[in-house]
file start.cif (mmCIF, C-alpha atoms)
data_entry
#
loop_
_atom_site.group_PDB
_atom_site.id
_atom_site.type_symbol
_atom_site.label_atom_id
_atom_site.label_comp_id
_atom_site.auth_asym_id
_atom_site.auth_seq_id
_atom_site.Cartn_x
_atom_site.Cartn_y
_atom_site.Cartn_z
ATOM 1 C CA MET A 264 7.780 40.410 32.842
ATOM 2 C CA LEU A 265 9.484 40.357 29.478
ATOM 3 C CA GLU A 266 12.527 38.090 29.518
ATOM 4 C CA TYR A 267 15.226 37.308 26.955
ATOM 5 C CA PRO A 268 13.110 35.617 24.249
ATOM 6 C CA GLU A 269 10.475 38.365 24.230
ATOM 7 C CA ILE A 270 13.062 41.151 24.230
ATOM 8 C CA ARG A 271 15.009 39.544 21.363
ATOM 9 C CA THR A 272 11.772 39.118 19.407
ATOM 10 C CA ILE A 273 10.783 42.752 19.942
ATOM 11 C CA VAL A 274 14.242 44.015 18.997
ATOM 12 C CA GLY A 275 14.114 42.067 15.721
ATOM 13 C CA GLN A 276 10.702 43.519 14.947
ATOM 14 C CA MET A 277 11.896 47.038 15.791
ATOM 15 C CA ARG A 278 14.769 46.652 13.348
ATOM 16 C CA ASN A 279 12.278 45.782 10.636
ATOM 17 C CA GLU A 280 9.894 48.625 11.437
ATOM 18 C CA ILE A 281 11.632 51.732 12.745
ATOM 19 C CA ILE A 282 15.198 51.898 11.370
ATOM 20 C CA GLY A 283 15.319 54.971 9.144
ATOM 21 C CA LYS A 284 12.382 56.652 10.875
ATOM 22 C CA THR A 285 12.746 60.102 12.445
ATOM 23 C CA VAL A 286 11.557 60.905 15.962
ATOM 24 C CA GLU A 287 9.079 63.748 16.135
ATOM 25 C CA SER A 288 8.450 63.733 19.885
ATOM 26 C CA GLY A 289 8.542 61.698 23.053
ATOM 27 C CA THR A 290 5.929 62.241 25.756
ATOM 28 C CA LEU A 291 5.136 60.905 29.216
ATOM 29 C CA VAL A 292 1.356 60.816 28.859
ATOM 30 C CA ARG A 293 0.314 59.230 32.114
ATOM 31 C CA LYS A 294 2.448 58.641 35.213
ATOM 32 C CA ASN A 295 2.121 55.350 37.034
ATOM 33 C CA GLY A 296 3.173 54.448 40.552
ATOM 34 C CA ASN A 297 5.126 51.483 39.184
ATOM 35 C CA MET A 298 7.253 53.655 36.902
ATOM 36 C CA PHE A 299 10.777 54.471 37.980
ATOM 37 C CA MET A 300 12.208 57.290 35.888
ATOM 38 C CA GLY A 301 15.666 57.073 37.384
ATOM 39 C CA ASP A 302 17.738 59.708 39.135
ATOM 40 C CA PHE A 303 16.266 62.495 37.023
ATOM 41 C CA GLU A 304 12.730 63.524 37.924
ATOM 42 C CA ASP A 305 12.770 65.752 34.853
ATOM 43 C CA GLU A 306 13.660 62.791 32.595
ATOM 44 C CA PRO A 307 10.567 63.308 30.364
ATOM 45 C CA LEU A 308 11.877 66.812 29.604
ATOM 46 C CA ARG A 309 15.021 65.230 28.161
ATOM 47 C CA PHE A 310 12.893 63.470 25.568
ATOM 48 C CA ALA A 311 13.174 66.695 23.553
ATOM 49 C CA CYS A 312 16.813 65.723 22.883
ATOM 50 C CA LEU A 313 15.476 62.905 20.716
ATOM 51 C CA ASN A 314 13.477 65.158 18.409
ATOM 52 C CA GLY A 315 14.755 65.123 14.834
ATOM 53 C CA GLY A 316 16.950 62.076 15.348
ATOM 54 C CA THR A 317 16.679 59.224 12.859
ATOM 55 C CA VAL A 318 16.844 55.622 14.058
ATOM 56 C CA ALA A 319 20.178 54.157 12.971
ATOM 57 C CA GLU A 320 20.093 50.849 14.885
ATOM 58 C CA VAL A 321 18.285 48.981 17.626
ATOM 59 C CA GLU A 322 20.645 47.339 20.108
ATOM 60 C CA CYS A 323 19.923 44.821 22.817
ATOM 61 C CA LEU A 324 21.344 43.826 26.159
ATOM 62 C CA ALA A 325 18.271 42.026 27.456
ATOM 63 C CA PRO A 326 16.227 43.104 29.251
ATOM 64 C CA GLU A 327 17.400 46.527 28.019
ATOM 65 C CA ILE A 328 16.847 47.967 24.550
ATOM 66 C CA TYR A 329 18.684 50.936 23.053
ATOM 67 C CA ILE A 330 17.201 52.656 20.005
ATOM 68 C CA ARG A 331 20.240 54.473 18.607
ATOM 69 C CA LEU A 332 19.552 57.734 16.755
ATOM 70 C CA ASP A 333 21.893 59.583 14.413
ATOM 71 C CA ASN A 334 22.009 62.743 16.575
ATOM 72 C CA GLY A 335 24.080 61.356 19.452
ATOM 73 C CA TYR A 336 21.079 60.293 21.535
ATOM 74 C CA GLY A 337 18.902 57.239 21.798
ATOM 75 C CA ILE A 338 15.860 55.823 23.565
ATOM 76 C CA LEU A 339 16.993 53.589 26.420
ATOM 77 C CA ILE A 340 14.270 51.194 27.549
ATOM 78 C CA CYS A 341 15.122 49.545 30.859
ATOM 79 C CA GLN A 342 12.299 47.079 30.420
ATOM 80 C CA SER A 343 10.788 44.908 33.108
ATOM 81 C CA GLY A 344 7.010 44.702 33.192
ATOM 82 C CA GLY A 345 4.693 46.080 30.537
ATOM 83 C CA ARG A 346 3.824 46.165 26.868
ATOM 84 C CA ILE A 347 5.745 47.828 24.036
ATOM 85 C CA LEU A 348 3.662 48.277 20.879
ATOM 86 C CA TYR A 349 4.347 49.541 17.381
ATOM 87 C CA ASN A 350 1.471 51.570 15.960
ATOM 88 C CA ARG A 351 1.466 52.124 12.188
ATOM 89 C CA THR A 352 -0.996 55.034 12.297
ATOM 90 C CA PRO A 353 -2.388 57.368 15.002
ATOM 91 C CA SER A 354 -5.654 55.400 14.920
ATOM 92 C CA ASP A 355 -3.759 52.257 16.005
ATOM 93 C CA VAL A 356 -2.549 53.828 19.266
ATOM 94 C CA PRO A 357 -4.109 52.027 22.266
ATOM 95 C CA LYS A 358 -6.515 53.912 24.524
ATOM 96 C CA ASN A 359 -4.476 53.497 27.676
ATOM 97 C CA PHE A 360 -0.701 53.881 27.654
ATOM 98 C CA ASN A 361 1.982 55.682 29.645
ATOM 99 C CA ILE A 362 4.677 56.791 27.185
ATOM 100 C CA ILE A 363 4.616 57.461 23.444
ATOM 101 C CA PHE A 364 7.413 58.100 20.952
ATOM 102 C CA ASN A 365 6.013 59.562 17.726
ATOM 103 C CA PHE A 366 7.743 59.337 14.354
ATOM 104 C CA THR A 367 7.339 61.912 11.600
ATOM 105 C CA ASP A 368 5.507 59.451 9.343
ATOM 106 C CA GLY A 369 2.634 59.080 11.836
ATOM 107 C CA SER A 370 3.739 55.771 13.331
ATOM 108 C CA SER A 371 4.715 55.439 16.991
ATOM 109 C CA LEU A 372 5.932 53.266 19.836
ATOM 110 C CA THR A 373 3.848 53.138 23.012
ATOM 111 C CA TYR A 374 4.617 51.644 26.386
ATOM 112 C CA THR A 375 1.975 50.570 28.884
ATOM 113 C CA VAL A 376 3.011 49.662 32.431
ATOM 114 C CA ALA A 377 1.714 46.281 33.603
ATOM 115 C CA LEU A 378 3.940 45.546 36.610
ATOM 116 C CA PHE A 379 6.839 47.976 36.873
ATOM 117 C CA THR A 380 9.543 49.459 34.713
ATOM 118 C CA LEU A 381 13.056 50.575 35.551
ATOM 119 C CA GLY A 382 12.905 53.607 33.298
ATOM 120 C CA PHE A 383 12.761 55.178 29.854
ATOM 121 C CA TYR A 384 15.606 57.548 29.155
ATOM 122 C CA ALA A 385 16.890 59.906 26.520
ATOM 123 C CA ALA A 386 20.473 58.658 26.800
ATOM 124 C CA THR A 387 23.628 59.599 24.964
ATOM 125 C CA HIS A 388 25.490 56.909 23.066
ATOM 126 C CA GLY A 389 28.293 57.174 25.620
ATOM 127 C CA GLU A 390 25.904 56.607 28.546
ATOM 128 C CA TRP A 391 24.513 53.502 26.878
ATOM 129 C CA GLU A 392 27.927 52.110 26.023
ATOM 130 C CA LYS A 393 29.186 52.589 29.581
ATOM 131 C CA ARG A 394 26.051 50.935 30.929
ATOM 132 C CA ALA A 395 26.464 47.961 28.612
ATOM 133 C CA GLU A 396 30.155 47.625 29.486
ATOM 134 C CA ARG A 397 29.482 47.709 33.236
ATOM 135 C CA SER A 398 26.728 45.112 33.142
ATOM 136 C CA GLY A 399 29.008 42.135 32.474
ATOM 137 C CA LEU A 400 25.987 39.946 31.698
ATOM 138 C CA PHE A 401 26.335 36.644 29.866
ATOM 139 C CA ASP A 402 24.307 36.387 26.655
ATOM 140 C CA PRO A 403 22.749 32.887 26.552
ATOM 141 C CA LEU A 404 22.697 32.706 22.740
ATOM 142 C CA ASP A 405 25.713 34.816 21.815
ATOM 143 C CA GLY A 406 27.951 33.313 24.472
ATOM 144 C CA GLY A 407 29.690 30.959 22.071
ATOM 145 C CA THR A 408 30.901 27.730 23.670
ATOM 146 C CA PHE A 409 30.704 26.015 27.027
ATOM 147 C CA GLY A 410 34.254 27.205 27.630
ATOM 148 C CA ASP A 411 33.034 30.811 27.526
ATOM 149 C CA PHE A 412 30.312 30.012 30.059
ATOM 150 C CA ALA A 413 32.777 28.240 32.367
ATOM 151 C CA GLU A 414 35.089 31.255 32.239
ATOM 152 C CA PHE A 415 32.114 33.498 32.996
ATOM 153 C CA ILE A 416 31.268 31.391 36.077
ATOM 154 C CA ASN A 417 34.884 31.334 37.263
ATOM 155 C CA ASN A 418 35.086 35.128 37.109
ATOM 156 C CA ARG A 419 32.305 35.305 39.684
ATOM 157 C CA THR A 420 33.914 33.346 42.498
ATOM 158 C CA ASP A 421 32.538 35.875 45.008
ATOM 159 C CA GLN A 422 29.079 34.432 44.313
ATOM 160 C CA GLY A 423 30.008 30.874 45.238
ATOM 161 C CA LYS A 424 27.387 30.656 47.983
ATOM 162 C CA THR A 425 24.657 32.074 45.757
ATOM 163 C CA ALA A 426 21.773 29.756 44.844
ATOM 164 C CA VAL A 427 22.099 28.745 41.201
ATOM 165 C CA LYS A 428 18.646 30.073 40.278
ATOM 166 C CA VAL A 429 19.434 33.460 41.811
ATOM 167 C CA PHE A 430 22.810 33.454 40.058
ATOM 168 C CA LEU A 431 21.201 32.938 36.653
ATOM 169 C CA ALA A 432 18.654 35.696 37.253
ATOM 170 C CA LYS A 433 21.368 38.140 38.331
ATOM 171 C CA ASN A 434 24.086 37.344 35.816
ATOM 172 C CA VAL A 435 22.555 36.086 32.560
ATOM 173 C CA SER A 436 21.159 38.640 30.137
ATOM 174 C CA GLY A 437 17.369 38.846 30.220
ATOM 175 C CA ILE A 438 16.866 35.807 32.444
ATOM 176 C CA MET A 439 14.557 36.160 35.429
ATOM 177 C CA SER A 440 12.662 33.736 37.645
ATOM 178 C CA THR A 441 10.557 32.020 34.964
ATOM 179 C CA PHE A 442 13.308 31.046 32.547
ATOM 180 C CA ALA A 443 15.822 30.391 35.333
ATOM 181 C CA GLY A 444 13.390 27.813 36.730
ATOM 182 C CA GLU A 445 12.764 26.378 33.259
ATOM 183 C CA ILE A 446 16.482 26.050 32.502
ATOM 184 C CA LEU A 447 17.209 24.292 35.792
ATOM 185 C CA LEU A 448 14.308 21.859 35.390
ATOM 186 C CA TYR A 449 15.726 20.556 32.114
ATOM 187 C CA ALA A 450 19.282 20.685 33.459
ATOM 188 C CA GLY A 451 18.257 18.542 36.435
ATOM 189 C CA ILE A 452 19.646 21.019 38.998
ATOM 190 C CA TYR A 453 17.859 21.900 42.242
ATOM 191 C CA PRO A 454 17.247 25.705 42.276
ATOM 192 C CA SER A 455 18.803 26.294 45.720
ATOM 193 C CA ARG A 456 22.100 24.510 45.022
ATOM 194 C CA GLN A 457 25.054 26.781 45.745
ATOM 195 C CA MET A 458 27.165 27.713 42.752
ATOM 196 C CA ALA A 459 30.370 26.583 44.481
ATOM 197 C CA LYS A 460 28.971 23.065 44.908
ATOM 198 C CA LEU A 461 28.154 22.475 41.237
ATOM 199 C CA SER A 462 30.384 20.126 39.275
ATOM 200 C CA GLU A 463 31.738 20.900 35.807
ATOM 201 C CA LYS A 464 29.206 18.424 34.391
ATOM 202 C CA GLU A 465 26.391 20.315 36.109
ATOM 203 C CA HIS A 466 27.714 23.606 34.721
ATOM 204 C CA ARG A 467 27.672 22.010 31.274
ATOM 205 C CA ASN A 468 24.118 20.751 31.831
ATOM 206 C CA ILE A 469 23.012 24.281 32.707
ATOM 207 C CA TYR A 470 24.753 25.761 29.680
ATOM 208 C CA GLU A 471 23.254 23.213 27.291
ATOM 209 C CA SER A 472 19.794 23.523 28.842
ATOM 210 C CA MET A 473 20.041 27.320 28.594
ATOM 211 C CA GLY A 474 20.777 27.142 24.889
ATOM 212 C CA LYS A 475 17.945 24.707 24.175
ATOM 213 C CA VAL A 476 15.293 26.448 26.290
ATOM 214 C CA ILE A 477 16.100 30.015 25.288
ATOM 215 C CA GLY A 478 16.678 29.050 21.660
ATOM 216 C CA ALA A 479 13.304 27.296 21.458
ATOM 217 C CA ALA A 480 11.531 30.186 23.158
ATOM 218 C CA CYS A 481 13.097 32.696 20.766
ATOM 219 C CA GLU A 482 11.999 30.611 17.763
ATOM 220 C CA CYS A 483 8.465 30.721 19.178
ATOM 221 C CA GLY A 484 8.529 34.501 19.628
ATOM 222 C CA GLY A 485 8.517 34.213 23.416
ATOM 223 C CA ARG A 486 6.013 32.844 25.905
ATOM 224 C CA THR A 487 2.279 32.484 25.443
ATOM 225 C CA SER A 488 1.801 34.855 28.389
ATOM 226 C CA GLU A 489 3.689 37.762 26.768
ATOM 227 C CA SER A 490 3.176 39.895 23.650
ATOM 228 C CA ASP A 491 5.453 41.056 20.860
ATOM 229 C CA LEU A 492 5.726 44.487 19.219
ATOM 230 C CA TYR A 493 2.412 43.910 17.403
ATOM 231 C CA GLY A 494 0.502 42.685 20.438
ATOM 232 C CA GLN A 495 0.685 39.047 19.327
ATOM 233 C CA ARG A 496 1.282 36.388 21.945
ATOM 234 C CA GLY A 497 4.319 34.141 21.734
ATOM 235 C CA LYS A 498 3.960 30.381 21.243
ATOM 236 C CA TYR A 499 6.430 28.990 23.764
ATOM 237 C CA LYS A 500 4.673 27.103 26.566
ATOM 238 C CA VAL A 501 6.717 27.159 29.748
ATOM 239 C CA THR A 502 6.524 24.188 32.086
ATOM 240 C CA ALA A 503 7.985 25.344 35.405
ATOM 241 C CA GLU A 504 5.966 28.397 36.437
ATOM 242 C CA ARG A 505 3.977 28.721 39.666
ATOM 243 C CA LYS A 506 0.814 27.559 37.869
ATOM 244 C CA HIS A 507 2.451 24.228 37.007
ATOM 245 C CA ILE A 508 2.898 23.174 40.651
ATOM 246 C CA GLY A 509 1.059 19.853 41.074
ATOM 247 C CA GLU A 510 1.217 19.024 37.363
ATOM 248 C CA ASP A 511 3.271 16.285 35.698
ATOM 249 C CA CYS A 512 6.969 16.853 35.137
ATOM 250 C CA PRO A 513 7.649 17.133 31.374
ATOM 251 C CA VAL A 514 10.875 15.157 31.837
ATOM 252 C CA CYS A 515 9.985 12.181 34.049
ATOM 253 C CA GLY A 516 6.225 12.411 34.573
ATOM 254 C CA GLY A 517 6.509 12.904 38.344
ATOM 255 C CA VAL A 518 4.616 15.587 40.247
ATOM 256 C CA LEU A 519 6.043 19.125 40.205
ATOM 257 C CA GLU A 520 6.385 20.827 43.585
ATOM 258 C CA LYS A 521 6.831 24.414 44.789
ATOM 259 C CA ASN A 522 10.209 26.130 45.082
ATOM 260 C CA SER A 523 10.542 29.709 46.347
ATOM 261 C CA THR A 524 14.207 30.391 45.543
ATOM 262 C CA GLY A 525 14.354 33.823 43.883
ATOM 263 C CA GLY A 526 10.622 33.771 43.112
ATOM 264 C CA VAL A 527 8.106 30.929 43.132
ATOM 265 C CA THR A 528 8.448 28.340 40.356
ATOM 266 C CA ALA A 529 7.846 24.607 40.022
ATOM 267 C CA PHE A 530 10.562 21.974 40.346
ATOM 268 C CA CYS A 531 10.714 18.213 40.079
ATOM 269 C CA PRO A 532 11.950 16.374 43.213
ATOM 270 C CA ASN A 533 12.849 13.371 41.040
ATOM 271 C CA CYS A 534 14.868 15.221 38.386
ATOM 272 C CA GLN A 535 16.234 18.013 40.617
ATOM 273 C CA LYS A 536 17.627 16.300 43.701
ATOM 274 C CA LYS A 537 18.472 18.461 46.702
#
call {"tool": "encode", "arguments": {"input": "start.cif", "output": "structure tokens"}}
result
Amino acid sequence: MLEYPEIRTIVGQMRNEIIGKTVESGTLVRKNGNMFMGDFEDEPLRFACLNGGTVAEVECLAPEIYIRLDNGYGILICQSGGRILYNRTPSDVPKNFNIIFNFTDGSSLTYTVALFTLGFYAATHGEWEKRAERSGLFDPLDGGTFGDFAEFINNRTDQGKTAVKVFLAKNVSGIMSTFAGEILLYAGIYPSRQMAKLSEKEHRNIYESMGKVIGAACECGGRTSESDLYGQRGKYKVTAERKHIGEDCPVCGGVLEKNSTGGVTAFCPNCQKK
């Protein structure tokens, strides 16, 4: 699944490639059982609303991307699992894909489902803005200071009994199981600890770890297991995924063990005390 670093990388690349380009058509080429098109079964028919619109901006609320057009509509990508590719010419289009958005200059964006996706919509600017406003997610890089993060935590007192790993995956923009586990490993926090039982120092450790981990992953263009807009793999090597169980802890050198809180990841029993 694409998480924050991959989404931010792709958004930056989209801004370089497609701003100023005009949409010719959007087509659902091949349906997939893992595709969720939302409440509107006729959603692909709404793609016609995009035709003739020129890309004015590409906005991000990871894991969602909004390609804003100048005609009042935009392409809303509720991204979870799959590959988004930019194709400079028709001959660059991959053989197997599910959705394509063609531009008038012959270039295109294609999406290929790998796991599942929450939907591709022809949304109005108002629909996107309401969606972004309702989300209330914390941006790990644009959050500002620790004080902002502490205020964010305090505003979610109803989630005091929530495991910290689950909390991060539910409330931080673009963070899912992999990076939540990675952040907590370097913060020295056990994944199942309840939010209400964390001290201010532990909150600070999480915030600082979040900035370092996500910042480093963004600089590397995302993880080695995921691809960018050109199909190139990222260079960030994660250390706390399922496959790292039984390996050495990158912090203390101890043996990483299995944790199943909010998805299976590795944790260090020495660094992350229960």
call {"tool": "resolve_selection", "arguments": {"input": "start.cif", "expression": "the PyMOL selection byres ((chain A and resi 494-507) around 8)", "output": "ChimeraX atom specification"}}
result
/A:269,348,441,444-445,448,479-480,483-493,508-510,512-513,519,521,527-530
call {"tool": "closest_residue", "arguments": {"input": "start.cif", "among": "A:Gly478, A:Gly526, A:Gly437, A:Pro307", "to": "A:Ile363", "atoms": "only C-alpha atoms"}}
result
A:Pro307
call {"tool": "resolve_selection", "arguments": {"input": "start.cif", "expression": "the PyMOL selection byres ((chain A and resi 417-433) around 6)", "output": "PDB file with C-alpha atoms, in the coordinates of the input"}}
result
ATOM      1  CA  GLU A 414      35.089  31.255  32.239  1.00  0.00           C
ATOM      2  CA  PHE A 415      32.114  33.498  32.996  1.00  0.00           C
ATOM      3  CA  ILE A 416      31.268  31.391  36.077  1.00  0.00           C
ATOM      4  CA  ASN A 434      24.086  37.344  35.816  1.00  0.00           C
ATOM      5  CA  VAL A 435      22.555  36.086  32.560  1.00  0.00           C
ATOM      6  CA  ILE A 438      16.866  35.807  32.444  1.00  0.00           C
ATOM      7  CA  MET A 439      14.557  36.160  35.429  1.00  0.00           C
ATOM      8  CA  ALA A 443      15.822  30.391  35.333  1.00  0.00           C
ATOM      9  CA  PRO A 454      17.247  25.705  42.276  1.00  0.00           C
ATOM     10  CA  SER A 455      18.803  26.294  45.720  1.00  0.00           C
ATOM     11  CA  ARG A 456      22.100  24.510  45.022  1.00  0.00           C
ATOM     12  CA  GLN A 457      25.054  26.781  45.745  1.00  0.00           C
ATOM     13  CA  MET A 458      27.165  27.713  42.752  1.00  0.00           C
ATOM     14  CA  ALA A 459      30.370  26.583  44.481  1.00  0.00           C
ATOM     15  CA  GLY A 525      14.354  33.823  43.883  1.00  0.00           C
TER      16      GLY A 525
END
call {"tool": "resolve_selection", "arguments": {"input": "start.cif", "expression": "the PyMOL selection byres ((chain A and resi 327-341) around 6)", "output": "list in words"}}
result
Gly316, Thr317, Val318, Ala319, Glu320, Val321, Glu322, Cys323, Leu324, Ala325, Pro326, Gln342, Leu381, Gly382, Phe383, Tyr384, Ala385, Ala386, Thr387 and His388 of chain A
call {"tool": "closest_residue", "arguments": {"input": "start.cif", "among": "A:Leu291, A:Val274, A:Leu400, A:Val514", "to": "A:Leu447", "atoms": "only C-alpha atoms"}}
result
A:Val514
call {"tool": "residues_around", "arguments": {"input": "start.cif", "residues": "A:Ile469", "least_positions_apart": "4", "cutoff": "7 Å", "atoms": "all atoms listed in the file", "output": "PyMOL selection string"}}
result
chain A and resi 446-447+450+465+473
call {"tool": "write_last_selection", "arguments": {"input": "start.cif", "atoms": "C-alpha atoms", "output": "compact mmCIF listing (two decimals), keeping the file's coordinate frame"}}
result
# COMPACT_ATOMS: atom_id res chain seq x y z
CA ILE A 446 16.48 26.05 32.50
CA LEU A 447 17.21 24.29 35.79
CA ALA A 450 19.28 20.68 33.46
CA GLU A 465 26.39 20.32 36.11
CA MET A 473 20.04 27.32 28.59
call {"tool": "atom_distance", "arguments": {"input": "start.cif", "atom1": "atom CA of A:Asn361", "atom2": "atom CA of A:Arg293"}}
result
4.6 Å
call {"tool": "closest_residue", "arguments": {"input": "start.cif", "among": "A:Gly369, A:Asp355, A:Trp391, A:Cys531", "to": "A:Gly516", "atoms": "all atoms listed in the file"}}
result
A:Cys531
call {"tool": "closest_residue", "arguments": {"input": "start.cif", "among": "A:Asn365, A:Ser462, A:Asn295, A:Ser370", "to": "A:Thr352", "atoms": "all atoms listed in the file"}}
result
A:Ser370
call {"tool": "closest_residue", "arguments": {"input": "start.cif", "among": "A:Val292, A:His466, A:Ile452, A:Asp511", "to": "A:Lys358", "atoms": "only C-alpha atoms"}}
result
A:Val292
call {"tool": "atom_distance", "arguments": {"input": "start.cif", "atom1": "atom CA of A:Glu520", "atom2": "atom CA of A:Gln535"}}
result
10.7 Å
call {"tool": "residues_around", "arguments": {"input": "start.cif", "residues": "A:Ala377", "least_positions_apart": "2", "cutoff": "8 Å", "atoms": "only C-alpha atoms", "output": "list in words"}}
result
Gly344, Gly345, Arg346, Thr375 and Phe379 of chain A
call {"tool": "closest_residue", "arguments": {"input": "start.cif", "among": "A:Glu392, A:Glu266, A:Glu280, A:Asp411", "to": "A:Ile477", "atoms": "all atoms listed in the file"}}
result
A:Glu266
call {"tool": "decode", "arguments": {"input": "start.cif", "residues": "stretch 420-457 of chain A", "atoms": "C-alpha atoms", "output": "PDB file, in the first residue's frame"}}
result
ATOM      1  CA  THR A 420      -9.538  12.111  24.258  1.00  0.00           C
ATOM      2  CA  ASP A 421     -12.280   9.684  23.173  1.00  0.00           C
ATOM      3  CA  GLN A 422      -9.520   7.446  21.792  1.00  0.00           C
ATOM      4  CA  GLY A 423      -7.656   7.146  25.079  1.00  0.00           C
ATOM      5  CA  LYS A 424      -7.970   3.358  25.180  1.00  0.00           C
ATOM      6  CA  THR A 425      -6.843   2.975  21.574  1.00  0.00           C
ATOM      7  CA  ALA A 426      -3.518   1.216  20.964  1.00  0.00           C
ATOM      8  CA  VAL A 427      -0.935   3.782  19.895  1.00  0.00           C
ATOM      9  CA  LYS A 428      -0.162   1.987  16.620  1.00  0.00           C
ATOM     10  CA  VAL A 429      -3.845   1.897  15.690  1.00  0.00           C
ATOM     11  CA  PHE A 430      -4.171   5.557  16.676  1.00  0.00           C
ATOM     12  CA  LEU A 431      -1.366   6.587  14.325  1.00  0.00           C
ATOM     13  CA  ALA A 432      -2.829   4.593  11.437  1.00  0.00           C
ATOM     14  CA  LYS A 433      -6.274   6.131  11.957  1.00  0.00           C
ATOM     15  CA  ASN A 434      -5.348   9.731  12.682  1.00  0.00           C
ATOM     16  CA  VAL A 435      -2.088  10.643  10.929  1.00  0.00           C
ATOM     17  CA  SER A 436      -2.219  11.493   7.242  1.00  0.00           C
ATOM     18  CA  GLY A 437      -1.002   8.662   5.022  1.00  0.00           C
ATOM     19  CA  ILE A 438       0.313   6.492   7.851  1.00  0.00           C
ATOM     20  CA  MET A 439      -0.680   2.835   7.885  1.00  0.00           C
ATOM     21  CA  SER A 440       0.693  -0.293   9.533  1.00  0.00           C
ATOM     22  CA  THR A 441       4.208  -0.236   8.052  1.00  0.00           C
ATOM     23  CA  PHE A 442       5.206   3.305   8.961  1.00  0.00           C
ATOM     24  CA  ALA A 443       3.282   3.234  12.248  1.00  0.00           C
ATOM     25  CA  GLY A 444       5.407   0.240  13.265  1.00  0.00           C
ATOM     26  CA  GLU A 445       8.578   1.945  12.023  1.00  0.00           C
ATOM     27  CA  ILE A 446       7.840   5.159  13.927  1.00  0.00           C
ATOM     28  CA  LEU A 447       7.154   3.320  17.181  1.00  0.00           C
ATOM     29  CA  LEU A 448      10.301   1.195  16.902  1.00  0.00           C
ATOM     30  CA  TYR A 449      12.503   4.291  16.825  1.00  0.00           C
ATOM     31  CA  ALA A 450      10.361   6.031  19.443  1.00  0.00           C
ATOM     32  CA  GLY A 451      10.790   3.067  21.796  1.00  0.00           C
ATOM     33  CA  ILE A 452       7.025   2.640  22.324  1.00  0.00           C
ATOM     34  CA  TYR A 453       5.299  -0.751  22.448  1.00  0.00           C
ATOM     35  CA  PRO A 454       2.618  -0.831  19.680  1.00  0.00           C
ATOM     36  CA  SER A 455      -0.243  -1.919  21.974  1.00  0.00           C
ATOM     37  CA  ARG A 456       0.252   0.795  24.607  1.00  0.00           C
ATOM     38  CA  GLN A 457      -2.963   2.727  25.187  1.00  0.00           C
TER      39      GLN A 457
END
